[in-house]
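Below is one structure; the comments refer to it alone.
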Protein chains: 2
Amino acid sequence: MPYSSEHKQKSRDKILDSALKLFTHHGYDNVSIDQLMEHAGLTRGAFYAHFKNKSDIYAEAILAALKHGETLLAQADGTSNQQWLEELFLTYLSHEHVNRQAPSCPLAFLATDVANREAPARKAYTAVYKKLNQLIKSKLMKDKLEDNTSFAITAMMIGGVALGRALNETETVDQVLDSCRQTAMRLLVESE
Amino acid sequence: MPYSSEHKQKSRDKILDSALKLFTHHGYDNVSIDQLMEHAGLTRGAFYAHFKNKSDIYAEAILAALKHGETLLAQADGTSNQQWLEELFLTYLSHEHVNRQAPSCPLAFLATDVANREAPARKAYTAVYKKLNQLIKSKLMKDKLEDNTSFAITAMMIGGVALGRALNETETVDQVLDSCRQTAMRLLVESE
DNA sequence: GTCTATAGAAAGATAGAC
DNA sequence: GTCTATCTTTCTATAGAC
């Protein structure tokens, strides 16, 4: 038994990490299994010992983004809800995020990519989205639980970052990100 | 001269119409030139008499969406700015739009698709975006010209529809569309 | 200008050695 | 489990007839 089961798990995790990063940055069709495995430090043939096919790992990779939600929450230690949300808006709706100098959110980077794929990928995307939305909703208010503003806020965050990547003019990207940040904060205050 | 120049123009327009529709609905990589030409009622070989390559027609097709902006404006005849905007929000952030029962907006359907493509496509996308944004901004206010809310509103519209297509749960899609519509209207009132 | 036929490249998936 | 070699399909783009 030359390969331990922990070794297999470690390989699988490496491949998944590479998949999340590459798929998020380039989209499903622009990443080949060759590239994926090379990025993970392995070769093409080994892929199929871990995943059924390309479609399969795409959904798995998106699902792997769920763990970043935990990280987000963990950073909320000493801060108030309001502070945490403002910090999130600043980080998410930033040039660093758009220009991939920070960990990228598949919700914003893959919004229309996922729409053209099968159920498993969309199911995974939905799970990640609900996690983000619920996270924001929980910080948004304590009493007005019937309010649905969190959906509009997440749509604006995702739309703003997606636009930031699609647009070709730095000045317009600035305006979009600024406006989304300001409006998100405004909605925060006004929904209190 | 068996083929008139009007005939060529007509063919080109047919191909462009097909391209806008198919690319918008399926994305760049999921549409082949074969499918494109078949949809336009022609065959593969004729394509290159009209366009340099696939990348070329993608940018052209997006640019062709500019003319729909004119149509939008034309429908603004008897209505007030406020009415026109509310009508736009209802139409844009609707299930019919998300489910492709109405003409689809490439801004929402191709947001992340375009981000992975070259400059010409992103330039075309930027032009269409600025058109929509400017249209909304012109209806939004008469005096507060320094206000930038229109960027956040368009980001929310595009993000909301993109999410509507990506998500796999009808109930969540409902919530996203509802919330975006309500919030857009709220921003309308509050920015007066 | 439009057609059919085809060249050439890319990529998903499998087979078999180690 | 991971590797290299290869089968197979798909698709962009070109060539040449009409």
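Chain labels follow the order of the structure tokens: the first chain is A, the next B, and so on; residue numbering restarts at 1 in every chain, and ligands are counted from 1 in their shown order.
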
Counting only C-alpha atoms, what are the residues of chain A within 8 Å of chain B, and for each of them which pair of atoms is the nearest and at what distance in Å, to one decimal? Sort the table by chain and rising number, as CSV.
residue,atom,partner,partner_atom,distance
A:His26,CA,B:Asn116,CA,6.0
A:Gly27,CA,B:Asn116,CA,7.3
A:Asp29,CA,B:Asp29,CA,6.7
A:Ala108,CA,B:Thr112,CA,7.8
A:Phe109,CA,B:Thr112,CA,6.0
A:Leu110,CA,B:Thr112,CA,6.1
A:Ala111,CA,B:Ala162,CA,5.9
A:Thr112,CA,B:Thr112,CA,5.5
A:Asp113,CA,B:Asp113,CA,6.3
A:Val114,CA,B:Ala166,CA,5.7
A:Ala115,CA,B:Ala166,CA,4.2
A:Asn116,CA,B:His26,CA,6.1
A:Ala119,CA,B:Asn168,CA,7.2
A:Arg122,CA,B:Asn168,CA,5.5
A:Lys123,CA,B:Asn168,CA,5.6
A:Tyr125,CA,B:Leu167,CA,6.7
A:Thr126,CA,B:Leu167,CA,5.1
A:Asn148,CA,B:Ser179,CA,5.9
A:Thr149,CA,B:Ser179,CA,6.0
A:Ser150,CA,B:Ser179,CA,8.0
A:Phe151,CA,B:Val176,CA,5.1
A:Ala152,CA,B:Cys180,CA,4.6
A:Ile153,CA,B:Met156,CA,7.8
A:Ala155,CA,B:Gly159,CA,4.7
A:Met156,CA,B:Met156,CA,4.1
A:Met157,CA,B:Gly159,CA,7.7
A:Ile158,CA,B:Gly159,CA,5.7
A:Gly159,CA,B:Gly159,CA,3.7
A:Gly160,CA,B:Ala155,CA,5.0
A:Ala162,CA,B:Thr112,CA,5.9
A:Leu163,CA,B:Ala111,CA,6.4
A:Arg165,CA,B:Ala115,CA,5.4
A:Ala166,CA,B:Ala115,CA,4.2
A:Leu167,CA,B:Thr126,CA,5.1
A:Asn168,CA,B:Arg122,CA,5.6
A:Glu169,CA,B:Thr126,CA,7.5
A:Gln175,CA,B:Phe151,CA,6.9
A:Val176,CA,B:Phe151,CA,5.1
A:Ser179,CA,B:Ala152,CA,5.2
A:Cys180,CA,B:Ala152,CA,4.7
A:Thr183,CA,B:Ala152,CA,6.6

Could the residues in this selection be written to a file with C-alpha atoms, as a CSV table (one decimal), in the first residue's frame?
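selection17.csv, written as the output of this step:
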chain,number,residue,atom,x,y,z
A,26,HIS,CA,-11.0,32.0,-15.9
A,27,GLY,CA,-14.4,30.2,-16.1
A,29,ASP,CA,-14.4,26.5,-20.5
A,108,ALA,CA,-19.2,37.4,-8.4
A,109,PHE,CA,-16.6,35.8,-10.8
A,110,LEU,CA,-18.8,32.9,-12.0
A,111,ALA,CA,-22.3,34.4,-11.9
A,112,THR,CA,-23.1,33.9,-15.6
A,113,ASP,CA,-20.6,31.1,-16.0
A,114,VAL,CA,-22.6,28.9,-13.7
A,115,ALA,CA,-25.9,29.8,-15.4
A,116,ASN,CA,-24.8,27.9,-18.5
A,119,ALA,CA,-27.7,21.3,-12.0
A,122,ARG,CA,-25.9,25.6,-9.9
A,123,LYS,CA,-26.8,23.8,-6.7
A,125,TYR,CA,-23.5,28.0,-6.3
A,126,THR,CA,-26.8,28.3,-4.6
A,148,ASN,CA,-35.3,41.1,2.7
A,149,THR,CA,-32.8,43.9,2.0
A,150,SER,CA,-29.9,41.4,2.3
A,151,PHE,CA,-30.8,39.9,-1.1
A,152,ALA,CA,-30.6,43.3,-2.8
A,153,ILE,CA,-27.3,44.0,-1.1
A,155,ALA,CA,-27.0,41.2,-5.7
A,156,MET,CA,-25.4,44.7,-5.7
A,157,MET,CA,-22.1,43.3,-4.4
A,158,ILE,CA,-22.0,40.5,-6.9
A,159,GLY,CA,-23.2,42.7,-9.8
A,160,GLY,CA,-20.7,45.4,-8.8
A,162,ALA,CA,-18.8,41.3,-12.0
A,163,LEU,CA,-19.1,44.7,-13.7
A,165,ARG,CA,-14.2,42.8,-14.2
A,166,ALA,CA,-16.2,43.2,-17.4
A,167,LEU,CA,-15.8,46.9,-17.9
A,168,ASN,CA,-12.8,48.2,-19.9
A,169,GLU,CA,-12.5,51.7,-18.4
A,175,GLN,CA,-17.7,54.9,-10.2
A,176,VAL,CA,-19.4,51.5,-10.0
A,179,SER,CA,-21.5,53.9,-5.8
A,180,CYS,CA,-22.1,50.3,-4.7
A,183,THR,CA,-25.3,52.7,-1.5

Requested in this report: If you run DSSP over the backbone, which residues in segment 54-175 of chain A end up alpha helix (DSSP H)? Put them as a PyMOL selection string.
Outcome: chain A and resi 54-64+66-74+81-92+95-98+106-109+111-115+119-140+149-166+170-175

Query - Residue hits in chain C, query chain B, radius 10 Å, only C-alpha atoms (C1' of nucleotides), as a PyMOL selection string - result: chain C and resi 1-4

How about saving the chosen residues, N, CA and C atoms (P, O5', C5', C4', C3', O3' and C1' of nucleotides) kept, as a compact mmCIF listing (two decimals), in the first residue's frame?
# COMPACT_ATOMS: atom_id res chain seq x y z
P DG C 1 -19.24 39.44 -50.73
O5' DG C 1 -20.33 38.37 -51.20
C5' DG C 1 -21.68 38.77 -51.40
C4' DG C 1 -22.54 37.54 -51.25
C3' DG C 1 -22.45 36.88 -49.88
O3' DG C 1 -23.75 36.37 -49.58
C1' DG C 1 -21.62 35.38 -51.52
P DT C 2 -24.09 35.61 -48.31
O5' DT C 2 -23.95 34.07 -48.68
C5' DT C 2 -24.83 33.51 -49.63
C4' DT C 2 -24.41 32.10 -49.95
C3' DT C 2 -24.22 31.20 -48.71
O3' DT C 2 -25.18 30.15 -48.75
C1' DT C 2 -22.46 30.90 -50.29
P DC C 3 -25.14 29.03 -47.62
O5' DC C 3 -24.33 27.82 -48.29
C5' DC C 3 -24.92 27.11 -49.37
C4' DC C 3 -23.90 26.21 -50.05
C3' DC C 3 -23.29 25.16 -49.13
O3' DC C 3 -24.05 23.97 -49.18
C1' DC C 3 -21.60 26.22 -50.48
P DT C 4 -23.74 22.84 -48.09
O5' DT C 4 -22.47 22.07 -48.66
C5' DT C 4 -22.47 21.52 -49.98
C4' DT C 4 -21.12 20.87 -50.26
C3' DT C 4 -20.71 19.79 -49.25
O3' DT C 4 -20.07 18.72 -49.95
C1' DT C 4 -19.08 21.49 -49.27

Report task. Name the residues in contact with Ala40 of chain B at a cut-off of 12 Å, using only C-alpha atoms (C1' of nucleotides), excluding same-chain residues fewer than 4 positions from it; report them as a PyMOL selection string. Result -> chain B and resi 10-22+33-36+44+46-47

Residues of chain D within 8 Å of chain A, counting only C-alpha atoms (C1' of nucleotides) - could you list those as a PDB file with C-alpha atoms (C1' of nucleotides), in the first residue's frame?
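As a result, part17.pdb now contains:
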ATOM      1  C1'  DG D   1      -2.231   6.654  -6.940  1.00  0.00           C
ATOM      2  C1'  DT D   2       0.186   8.560 -10.529  1.00  0.00           C
ATOM      3  C1'  DC D   3       2.304   8.382 -14.798  1.00  0.00           C
TER       4       DC D   3
END

Pick out the residues sitting within 12 Å of DA9 of chain C, and hand them over as an mmCIF file with N, CA and C atoms (P, O5', C5', C4', C3', O3' and C1' of nucleotides), in the first residue's frame; count only C-alpha atoms (C1' of nucleotides), and ignore anything fewer than 4 positions along from it in its own chain.
data_model
loop_
_atom_site.group_PDB
_atom_site.id
_atom_site.type_symbol
_atom_site.label_atom_id
_atom_site.label_comp_id
_atom_site.auth_asym_id
_atom_site.auth_seq_id
_atom_site.Cartn_x
_atom_site.Cartn_y
_atom_site.Cartn_z
ATOM 1 P P DT D 10 -18.937 15.146 -30.724
ATOM 2 O "O5'" DT D 10 -18.315 16.614 -30.644
ATOM 3 C "C5'" DT D 10 -17.677 17.038 -29.437
ATOM 4 C "C4'" DT D 10 -16.944 18.336 -29.704
ATOM 5 C "C3'" DT D 10 -17.679 19.251 -30.707
ATOM 6 O "O3'" DT D 10 -17.881 20.510 -30.096
ATOM 7 C "C1'" DT D 10 -15.381 19.014 -31.274
ATOM 8 P P DC D 11 -18.756 21.623 -30.782
ATOM 9 O "O5'" DC D 11 -17.654 22.612 -31.341
ATOM 10 C "C5'" DC D 11 -16.564 22.994 -30.501
ATOM 11 C "C4'" DC D 11 -15.512 23.681 -31.345
ATOM 12 C "C3'" DC D 11 -16.104 24.629 -32.407
ATOM 13 O "O3'" DC D 11 -15.467 25.877 -32.330
ATOM 14 C "C1'" DC D 11 -14.515 23.184 -33.370
ATOM 15 P P DT D 12 -16.102 27.218 -32.900
ATOM 16 O "O5'" DT D 12 -14.844 27.995 -33.489
ATOM 17 C "C5'" DT D 12 -13.651 28.075 -32.717
ATOM 18 C "C4'" DT D 12 -12.451 28.118 -33.648
ATOM 19 C "C3'" DT D 12 -12.551 29.182 -34.746
ATOM 20 O "O3'" DT D 12 -11.381 29.994 -34.709
ATOM 21 C "C1'" DT D 12 -11.976 27.079 -35.674
ATOM 22 P P DA D 13 -11.348 31.380 -35.576
ATOM 23 O "O5'" DA D 13 -10.739 30.908 -36.962
ATOM 24 C "C5'" DA D 13 -9.506 30.184 -36.952
ATOM 25 C "C4'" DA D 13 -9.278 29.567 -38.320
ATOM 26 C "C3'" DA D 13 -9.566 30.505 -39.498
ATOM 27 O "O3'" DA D 13 -8.340 30.795 -40.165
ATOM 28 C "C1'" DA D 13 -10.420 28.306 -39.874
#

Report summary line: Computed gap from atom CA of Val189 of chain B to atom CA of Leu135 of chain B is 17.4 Å

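Within the 12 Å cut-off around DC7 of chain D, using only C-alpha atoms (C1' of nucleotides) and omitting residues fewer than 6 positions from it on the same chain, the listed residues are DG12, DA13, DT14 and DA15 of chain C.
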